[in-house]
Every structure is written in C-alpha cells, then in structure tokens.
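Engineer: This is the content of upload.tsv (TSV, C-alpha atoms):
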```
chain	number	residue	atom	x	y	z
A	1	MET	CA	0.00	0.00	0.00
A	2	LEU	CA	1.18	3.50	-0.73
A	3	ARG	CA	2.62	5.29	2.31
A	4	SER	CA	0.77	8.40	1.23
A	5	LEU	CA	-2.53	6.70	2.10
A	6	ASN	CA	-1.46	6.32	5.73
A	7	SER	CA	-0.19	9.89	5.79
A	8	GLY	CA	-3.44	11.20	4.34
A	9	ILE	CA	-5.55	9.24	6.81
A	10	SER	CA	-3.50	10.49	9.77
A	11	GLY	CA	-3.95	14.02	8.47
A	12	LEU	CA	-7.73	13.62	8.26
A	13	GLN	CA	-7.93	12.18	11.78
A	14	ASN	CA	-5.77	14.83	13.42
A	15	PHE	CA	-7.19	17.81	11.56
A	16	GLN	CA	-10.63	16.57	12.59
A	17	GLN	CA	-9.39	16.73	16.20
A	18	GLU	CA	-8.19	20.27	15.64
A	19	MET	CA	-11.59	21.17	14.18
A	20	ASP	CA	-13.21	19.73	17.30
A	21	VAL	CA	-11.03	21.94	19.52
A	22	ILE	CA	-11.77	25.03	17.41
A	23	GLY	CA	-15.48	24.28	17.54
A	24	ASN	CA	-15.35	23.95	21.32
A	25	ASN	CA	-13.47	27.25	21.60
A	26	ILE	CA	-16.04	29.09	19.50
A	27	ALA	CA	-18.93	27.47	21.38
A	28	ASN	CA	-17.47	28.81	24.66
A	29	VAL	CA	-16.77	32.34	23.47
A	30	ASN	CA	-19.21	33.68	26.10
A	31	THR	CA	-18.41	31.19	28.88
A	32	THR	CA	-17.21	32.90	32.05
A	33	GLY	CA	-13.55	32.15	32.81
A	34	PHE	CA	-13.17	29.74	29.86
A	35	LYS	CA	-9.64	29.10	28.61
A	36	ALA	CA	-9.19	28.32	24.92
A	37	GLY	CA	-7.50	25.14	23.75
A	38	ARG	CA	-4.77	24.83	21.13
A	39	VAL	CA	-3.72	21.72	19.20
A	40	GLU	CA	-0.02	21.06	18.63
A	41	PHE	CA	1.09	18.52	16.04
A	42	ALA	CA	4.20	16.35	15.72
A	43	ASP	CA	5.42	14.18	12.86
A	44	SER	CA	4.89	10.43	13.23
A	45	PHE	CA	7.35	7.57	12.94
A	46	ASN	CA	9.75	7.81	9.99
A	47	GLU	CA	10.77	4.76	8.00
A	48	THR	CA	14.52	4.84	7.40
A	49	LEU	CA	15.55	3.74	3.92
A	50	ARG	CA	19.20	4.55	4.46
A	51	ILE	CA	21.13	5.57	7.55
A	52	SER	CA	23.59	8.42	7.42
A	53	SER	CA	27.33	7.83	7.42
A	54	SER	CA	30.19	10.13	8.20
A	55	GLY	CA	32.71	11.10	5.57
A	56	THR	CA	36.37	10.14	5.42
A	57	SER	CA	39.40	11.69	3.80
A	58	GLY	CA	38.61	9.74	0.65
A	59	SER	CA	34.83	9.86	0.58
A	60	SER	CA	31.97	12.22	1.30
A	61	SER	CA	29.36	11.75	3.99
A	62	THR	CA	26.07	10.08	3.09
A	63	PRO	CA	22.81	11.64	4.26
A	64	ALA	CA	20.01	9.57	5.70
A	65	MET	CA	16.91	8.76	3.66
A	66	GLN	CA	13.62	8.69	5.54
A	67	ILE	CA	9.95	8.72	4.66
A	68	GLY	CA	7.45	9.88	7.24
A	69	SER	CA	4.20	8.09	8.02
A	70	GLY	CA	2.03	11.10	8.74
A	71	VAL	CA	1.16	13.39	11.60
A	72	GLY	CA	0.05	12.94	15.21
A	73	THR	CA	-1.38	15.17	17.91
A	74	ALA	CA	1.39	16.00	20.34
A	75	SER	CA	-0.79	17.88	22.82
A	76	ILE	CA	-3.94	19.90	23.28
A	77	LYS	CA	-2.99	22.78	25.54
A	78	ASN	CA	-5.16	25.17	27.45
A	79	LEU	CA	-4.15	28.81	27.07
A	80	PHE	CA	-4.28	30.33	30.54
A	81	THR	CA	-3.97	33.91	29.38
A	82	GLN	CA	-6.00	36.65	31.02
A	83	GLY	CA	-9.51	37.17	29.71
A	84	ALA	CA	-11.19	40.56	29.64
A	85	VAL	CA	-12.78	41.64	32.92
A	86	SER	CA	-16.36	42.86	32.66
A	87	SER	CA	-18.15	44.77	35.42
A	88	THR	CA	-21.45	43.26	36.57
A	89	GLY	CA	-22.28	45.19	39.74
A	90	ASN	CA	-23.15	41.92	41.52
A	91	GLN	CA	-21.07	41.85	44.71
A	92	THR	CA	-20.74	38.05	44.75
A	93	ASP	CA	-19.19	38.08	41.27
A	94	LEU	CA	-15.41	37.91	41.57
A	95	ALA	CA	-12.70	38.14	38.93
A	96	VAL	CA	-8.97	37.43	39.24
A	97	SER	CA	-6.92	40.18	37.64
A	98	GLY	CA	-3.63	38.37	37.08
A	99	ASP	CA	-2.45	34.86	37.89
A	100	GLY	CA	-4.21	32.46	40.21
A	101	PHE	CA	-7.28	30.28	40.60
A	102	PHE	CA	-10.15	30.24	43.05
A	103	MET	CA	-10.30	27.01	45.03
A	104	VAL	CA	-13.71	25.46	45.67
A	105	ARG	CA	-14.70	22.32	47.57
A	106	ASP	CA	-17.40	19.77	46.84
A	107	THR	CA	-18.70	19.00	50.33
A	108	LEU	CA	-20.49	15.82	49.20
A	109	GLU	CA	-17.44	14.18	47.61
A	110	ASN	CA	-14.87	16.12	49.66
A	111	ARG	CA	-12.95	17.06	46.51
A	112	ASP	CA	-11.14	20.30	45.72
A	113	PHE	CA	-11.36	22.01	42.35
A	114	ALA	CA	-9.71	25.05	40.80
A	115	THR	CA	-11.63	27.58	38.72
A	116	ARG	CA	-11.20	30.96	37.07
A	117	SER	CA	-14.95	31.50	36.94
A	118	GLY	CA	-16.06	33.73	39.80
A	119	ASP	CA	-19.81	33.78	39.21
A	120	PHE	CA	-20.53	32.88	42.82
A	121	ARG	CA	-23.65	33.27	44.95
A	122	LEU	CA	-24.70	32.91	48.59
A	123	ASP	CA	-26.72	29.91	49.73
A	124	GLY	CA	-29.32	29.92	52.51
A	125	ASN	CA	-26.63	29.45	55.17
A	126	GLY	CA	-24.49	32.33	53.94
A	127	TYR	CA	-21.81	30.19	52.26
A	128	LEU	CA	-20.19	31.62	49.13
A	129	ILE	CA	-20.72	28.90	46.52
A	130	THR	CA	-20.50	28.16	42.80
A	131	ASN	CA	-23.61	27.68	40.71
A	132	GLN	CA	-23.27	23.92	41.30
A	133	GLY	CA	-22.95	24.28	45.10
A	134	GLN	CA	-19.18	23.92	45.64
A	135	ARG	CA	-17.99	26.18	48.48
A	136	VAL	CA	-15.33	28.83	47.91
A	137	GLN	CA	-12.21	28.29	50.03
A	138	GLY	CA	-10.12	30.69	52.07
A	139	PHE	CA	-9.72	31.88	55.64
A	140	SER	CA	-13.02	31.10	57.31
A	141	ASP	CA	-12.45	32.94	60.61
A	142	THR	CA	-12.05	36.54	61.69
A	143	GLY	CA	-8.45	35.91	62.76
A	144	LEU	CA	-7.57	34.81	59.20
A	145	ALA	CA	-5.89	31.67	60.49
A	146	THR	CA	-8.27	28.78	59.77
A	147	ARG	CA	-8.73	27.55	56.21
A	148	GLY	CA	-12.18	26.42	55.18
A	149	ASP	CA	-15.46	27.45	53.60
A	150	ILE	CA	-16.11	31.16	53.17
A	151	GLN	CA	-19.29	32.15	55.01
A	152	ILE	CA	-20.94	35.50	55.45
A	153	ASP	CA	-22.64	35.62	58.85
A	154	LEU	CA	-22.28	37.16	62.31
A	155	ALA	CA	-19.73	34.66	63.66
A	156	GLY	CA	-16.79	36.52	65.18
A	157	MET	CA	-18.53	39.89	65.39
A	158	PRO	CA	-16.74	42.37	67.70
A	159	ALA	CA	-17.61	42.29	71.37
A	160	THR	CA	-18.25	46.03	71.14
A	161	SER	CA	-21.03	45.52	68.62
A	162	ASP	CA	-24.69	45.44	69.60
A	163	PRO	CA	-25.64	41.76	70.13
A	164	ALA	CA	-28.88	42.48	68.30
A	165	ALA	CA	-27.11	43.99	65.30
A	166	SER	CA	-27.72	42.51	61.87
A	167	ILE	CA	-25.80	42.49	58.61
A	168	VAL	CA	-26.69	45.41	56.38
A	169	SER	CA	-24.02	44.94	53.69
A	170	TYR	CA	-20.74	43.23	52.90
A	171	THR	CA	-17.86	43.77	50.48
A	172	ILE	CA	-14.92	41.73	49.20
A	173	ASN	CA	-11.83	43.85	48.54
A	174	GLY	CA	-8.88	43.32	46.23
A	175	GLU	CA	-7.08	41.20	48.83
A	176	GLY	CA	-10.08	38.93	49.13
A	177	LYS	CA	-11.05	40.07	52.62
A	178	VAL	CA	-14.75	39.81	53.41
A	179	ASN	CA	-15.79	42.99	55.22
A	180	ILE	CA	-19.18	42.92	56.96
A	181	ASN	CA	-21.05	46.07	57.94
A	182	LEU	CA	-23.56	45.85	60.81
A	183	SER	CA	-26.73	47.77	61.50
A	184	ASP	CA	-25.17	49.46	64.58
A	185	GLY	CA	-22.48	51.08	62.42
A	186	THR	CA	-19.65	48.69	63.32
A	187	ALA	CA	-17.78	46.47	60.87
A	188	PHE	CA	-15.43	43.51	60.97
A	189	VAL	CA	-13.49	41.17	58.68
A	190	ARG	CA	-15.30	37.82	58.52
A	191	GLY	CA	-12.77	35.93	56.40
A	192	GLN	CA	-10.67	36.08	53.24
A	193	VAL	CA	-10.94	34.50	49.79
A	194	LEU	CA	-7.59	32.93	48.89
A	195	LEU	CA	-6.05	31.99	45.53
A	196	GLN	CA	-3.80	29.20	44.29
A	197	ASN	CA	-1.34	28.89	41.42
A	198	PHE	CA	0.37	25.86	39.86
A	199	ARG	CA	3.76	24.88	38.50
A	200	ASP	CA	2.16	23.06	35.56
A	201	PRO	CA	-1.37	24.33	34.85
A	202	GLN	CA	-1.48	22.05	31.78
A	203	ALA	CA	-1.87	19.12	34.18
A	204	LEU	CA	-5.25	20.47	35.28
A	205	VAL	CA	-8.18	18.46	33.93
A	206	LYS	CA	-11.37	20.14	32.74
A	207	GLU	CA	-14.34	18.64	34.59
A	208	GLY	CA	-17.09	20.79	33.08
A	209	ASN	CA	-18.97	23.59	34.84
A	210	ASN	CA	-15.78	25.72	34.63
A	211	LEU	CA	-13.99	23.45	37.13
A	212	TYR	CA	-10.53	21.88	36.99
A	213	SER	CA	-9.46	18.74	38.83
A	214	GLY	CA	-5.94	17.28	38.99
A	215	VAL	CA	-4.89	19.90	41.52
A	216	ALA	CA	-2.18	17.69	43.06
A	217	SER	CA	-0.77	16.67	39.65
A	218	ALA	CA	-0.51	20.34	38.58
A	219	GLY	CA	1.85	21.03	41.50
A	220	PRO	CA	0.42	23.73	43.78
A	221	LEU	CA	3.10	26.38	44.28
A	222	SER	CA	2.22	26.68	47.96
A	223	ALA	CA	-0.76	26.68	50.24
A	224	THR	CA	-3.50	29.01	49.07
A	225	ALA	CA	-2.33	32.58	49.56
A	226	SER	CA	-3.70	36.09	49.78
A	227	PRO	CA	-4.47	37.77	46.44
A	228	GLY	CA	-1.76	40.21	45.46
A	229	THR	CA	1.03	38.17	47.12
A	230	ASN	CA	3.37	35.42	45.87
A	231	GLY	CA	2.83	36.45	42.25
A	232	LEU	CA	-0.94	36.08	42.49
A	233	GLY	CA	-3.34	38.57	40.96
A	234	LYS	CA	-5.83	40.67	42.85
A	235	ILE	CA	-9.55	40.09	43.16
A	236	GLN	CA	-11.99	42.46	41.52
A	237	SER	CA	-15.41	42.36	43.15
A	238	GLY	CA	-18.56	42.98	41.13
A	239	ALA	CA	-16.90	41.76	37.93
A	240	LEU	CA	-16.32	38.58	35.94
A	241	GLU	CA	-13.46	37.37	33.77
A	242	LEU	CA	-14.73	36.62	30.28
A	243	SER	CA	-13.58	33.86	27.95
A	244	ASN	CA	-10.12	34.41	26.44
A	245	VAL	CA	-11.23	32.99	23.06
A	246	ASP	CA	-10.05	35.22	20.20
A	247	LEU	CA	-12.74	34.84	17.55
A	248	ALA	CA	-10.61	36.35	14.77
A	249	ASN	CA	-7.85	33.86	15.48
A	250	GLU	CA	-10.33	30.97	15.74
A	251	PHE	CA	-11.92	31.76	12.37
A	252	THR	CA	-8.48	31.98	10.78
A	253	SER	CA	-7.59	28.58	12.26
A	254	LEU	CA	-10.94	27.28	11.07
A	255	ILE	CA	-10.12	28.16	7.47
A	256	THR	CA	-6.56	26.80	7.53
A	257	THR	CA	-7.71	23.58	9.21
A	258	GLN	CA	-10.44	23.10	6.62
A	259	ARG	CA	-7.96	23.60	3.79
A	260	ALA	CA	-5.49	21.18	5.39
A	261	PHE	CA	-8.28	18.60	5.74
A	262	GLN	CA	-9.17	19.03	2.06
A	263	ALA	CA	-5.52	18.68	1.05
A	264	ASN	CA	-5.18	15.42	2.96
A	265	ALA	CA	-8.41	14.15	1.43
A	266	LYS	CA	-6.90	14.94	-1.98
A	267	ILE	CA	-3.84	12.86	-1.09
A	268	ILE	CA	-6.10	9.87	-0.47
A	269	THR	CA	-8.05	10.29	-3.71
A	270	THR	CA	-4.83	10.75	-5.72
A	271	SER	CA	-3.28	7.66	-4.10
A	272	ASP	CA	-6.44	5.74	-4.93
A	273	GLU	CA	-6.16	6.81	-8.58
A	274	MET	CA	-2.55	5.60	-8.67
A	275	LEU	CA	-3.59	2.23	-7.26
A	276	GLN	CA	-6.40	2.06	-9.81
A	277	GLU	CA	-3.89	2.61	-12.61
A	278	LEU	CA	-1.75	-0.19	-11.17
A	279	VAL	CA	-4.73	-2.57	-11.13
A	280	ASN	CA	-5.60	-1.64	-14.70
A	281	LEU	CA	-2.14	-2.69	-15.94
A	282	LYS	CA	-3.28	-6.29	-16.18
A	283	ARG	CA	-5.99	-5.43	-18.69
```
Write out the structure in this file as structure tokens.
Structural biologist:
Amino acid sequence: MLRSLNSGISGLQNFQQEMDVIGNNIANVNTTGFKAGRVEFADSFNETLRISSSGTSGSSSTPAMQIGSGVGTASIKNLFTQGAVSSTGNQTDLAVSGDGFFMVRDTLENRDFATRSGDFRLDGNGYLITNQGQRVQGFSDTGLATRGDIQIDLAGMPATSDPAASIVSYTINGEGKVNINLSDGTAFVRGQVLLQNFRDPQALVKEGNNLYSGVASAGPLSATASPGTNGLGKIQSGALELSNVDLANEFTSLITTQRAFQANAKIITTSDEMLQELVNLKR
C-alpha cells in the first residue's frame, strides 16, 4: 500500500481533532472564565531507507533517507492567558486580575477544584458557593488563620457591637477580605478568599462547569495565599473574567484547518487513482 494513504488518513484524523477543539473554543466564546485550547502537532514515525554515514578523507558523507508516516497530535494545551474583565455590579461576582485560581470544595465528595470563573452566589446558610454548590475556600475565621469554607454571617462579630445587630451589607476587597457592615455602624473582617497557582497548569483536567481537577498533579506552588502576594493577581469584586477565546484567530484557524483537511483528502483520492492505474495494468 502507498505510504501516502497512511499519511493522508493520519492528516484527516488529526485535523478533525483540531476542528473539534476550534469548535469547542467558538462554542465557549461567552463562557465565564473559559480558557481556549490549542492543538499542537508532531510528525509520526519515519521509516529509514538509508542511515547516514560520516565522511572520510577519501569519501563524502552520506545523508540519511527517511519517509514519514504522517502526523500525530502532540498535545492539546489550554491557554491560561487573562480574559477581559467585565463589570457586573453583583457583589458576589469575583474576577482574578492576574495569575491564580479560586479554590472550591465539593462538600459531598470532599474534593477540591480550581476555577477561574467567579460567578458565585450565597446559599441559605451564607456560604459563598459556585452555581453547582461547591464552596469557595479561604480563611473562614475573623483571625484569618483557619482555612475552610467562606461564610458570610455574624460569627466573630466584635464584642463592642450590639448583640442584636444585623448584617446590612458586605464587600470583598482586592485582597479577598470579606468585610461585613452591621446595623449598629460597626464592621469587621469575617474571612478572606484565597487563591492558588500551579507549576504546571497544563496538568489540570477540565471537569465541566468551569472546574478543573488534577490539583495535586498540577503542583500547587504553595498553600493558598492572599491575592496580590506570591505572584498572584488581585480580586476584583462585582466583575467577571470573560472567555479568552479570540474569535478572529479561531476563524483563521478554522479556514486553515479546513484547507489542510481538504488537502489530505486529496492525497487519499490521488493515491487511490494511482492504485487504480496499477490494477488496470493487467488489462
């Protein structure tokens, strides 16, 4: 069989994968905190027809002769570049301006996930949660010493406050600190949203719902830390990070991928015509 048939088939298979990635990128152009994917190719095994040899004083060197067997997908990388930050005015919406991920915990499965999507909300118990119910992690006490679920309530209110005081408002500043204002005019820090970064973010695994697993495999740089420290970005309250998909770039890739797919299909049809001519020789 002609080697070009194998090469053409590998091209069709791998450019179809690239088309799948491009389609997923475009589909998520409006997904909060989404990170675009990028396909990287590598040549496949090469059949060596002749090995190279070094030259001598009486002869010249001989170059190797190899024929490749097509293309393979080396990796599909996520591009963790910053997406545009859009103001929403909703105080539970948080965006990371810079590096870092929010950490959230699934209390039912006791699993930790990373996310760049900060479209959080408060549940009936005052916990700051994702749309699927995972609880945002950070310092959960007023002393900013205990790590756990972020909760907005009256726990740890100052002794000088009126015991009958209620919460009238709360804010989350750029350092992630949750500031609670009481009806008697006093205020206190209830906790702090912390961030995490990784040595190898490519090891994170997309789980859907804007969540990443594989936290341990990605190599956390340290324990979760305060925004604005250890190279982490700051938190912007009342805003969301948009998808980092570049539509112009995606449409360009769409065209080039389609043309590459057509070219590989042409290789197969041309190889088939050559084989047909070979079969017809007996007539």
Engineer: Distance cut-off 7 Å, centre (-3.4, 35.0, 39.1) in file coordinates, counting only C-alpha atoms: which residues qualify? Return them as a list in words.
Structural biologist: Val96, Ser97, Gly98, Asp99, Gly100, Phe101, Asn197, Leu232 and Gly233 of chain A
Engineer: Just the residues within 12 Å of range 234-238 of chain A, please, counting all atoms listed in the file, with nothing from its chain fewer than 3 positions along; format it as a ChimeraX atom specification.
Structural biologist: /A:85-102,116-121,170-178,192-196,225-231,241
Engineer: I'd like to know which of A:Ile26, A:Ala203, A:Ile167, A:Ala239 is closest to Ala187 in chain A, using all atoms listed in the file.
Structural biologist: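 The answer is A:Ile167, which sits nearest to Ala187 in chain A.
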Engineer: One number please: CA of Gly33 in chain A to CA of Ile129 in chain A, in Å, one decimal.
Structural biologist: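 Pair CA of Gly33 in chain A / CA of Ile129 in chain A returns 15.8 Å.
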Engineer: Kindly compute an axis-aligned box around the listed atoms of range 177-193 of chain A, allowing 4 Å on each side, and express its centre and edge lengths in Å to one decimal as lines of an AutoDock Vina configuration file.
Structural biologist:
```
center_x = -18.7
center_y = 42.8
center_z = 57.2
size_x = 24.1
size_y = 24.6
size_z = 22.8
```
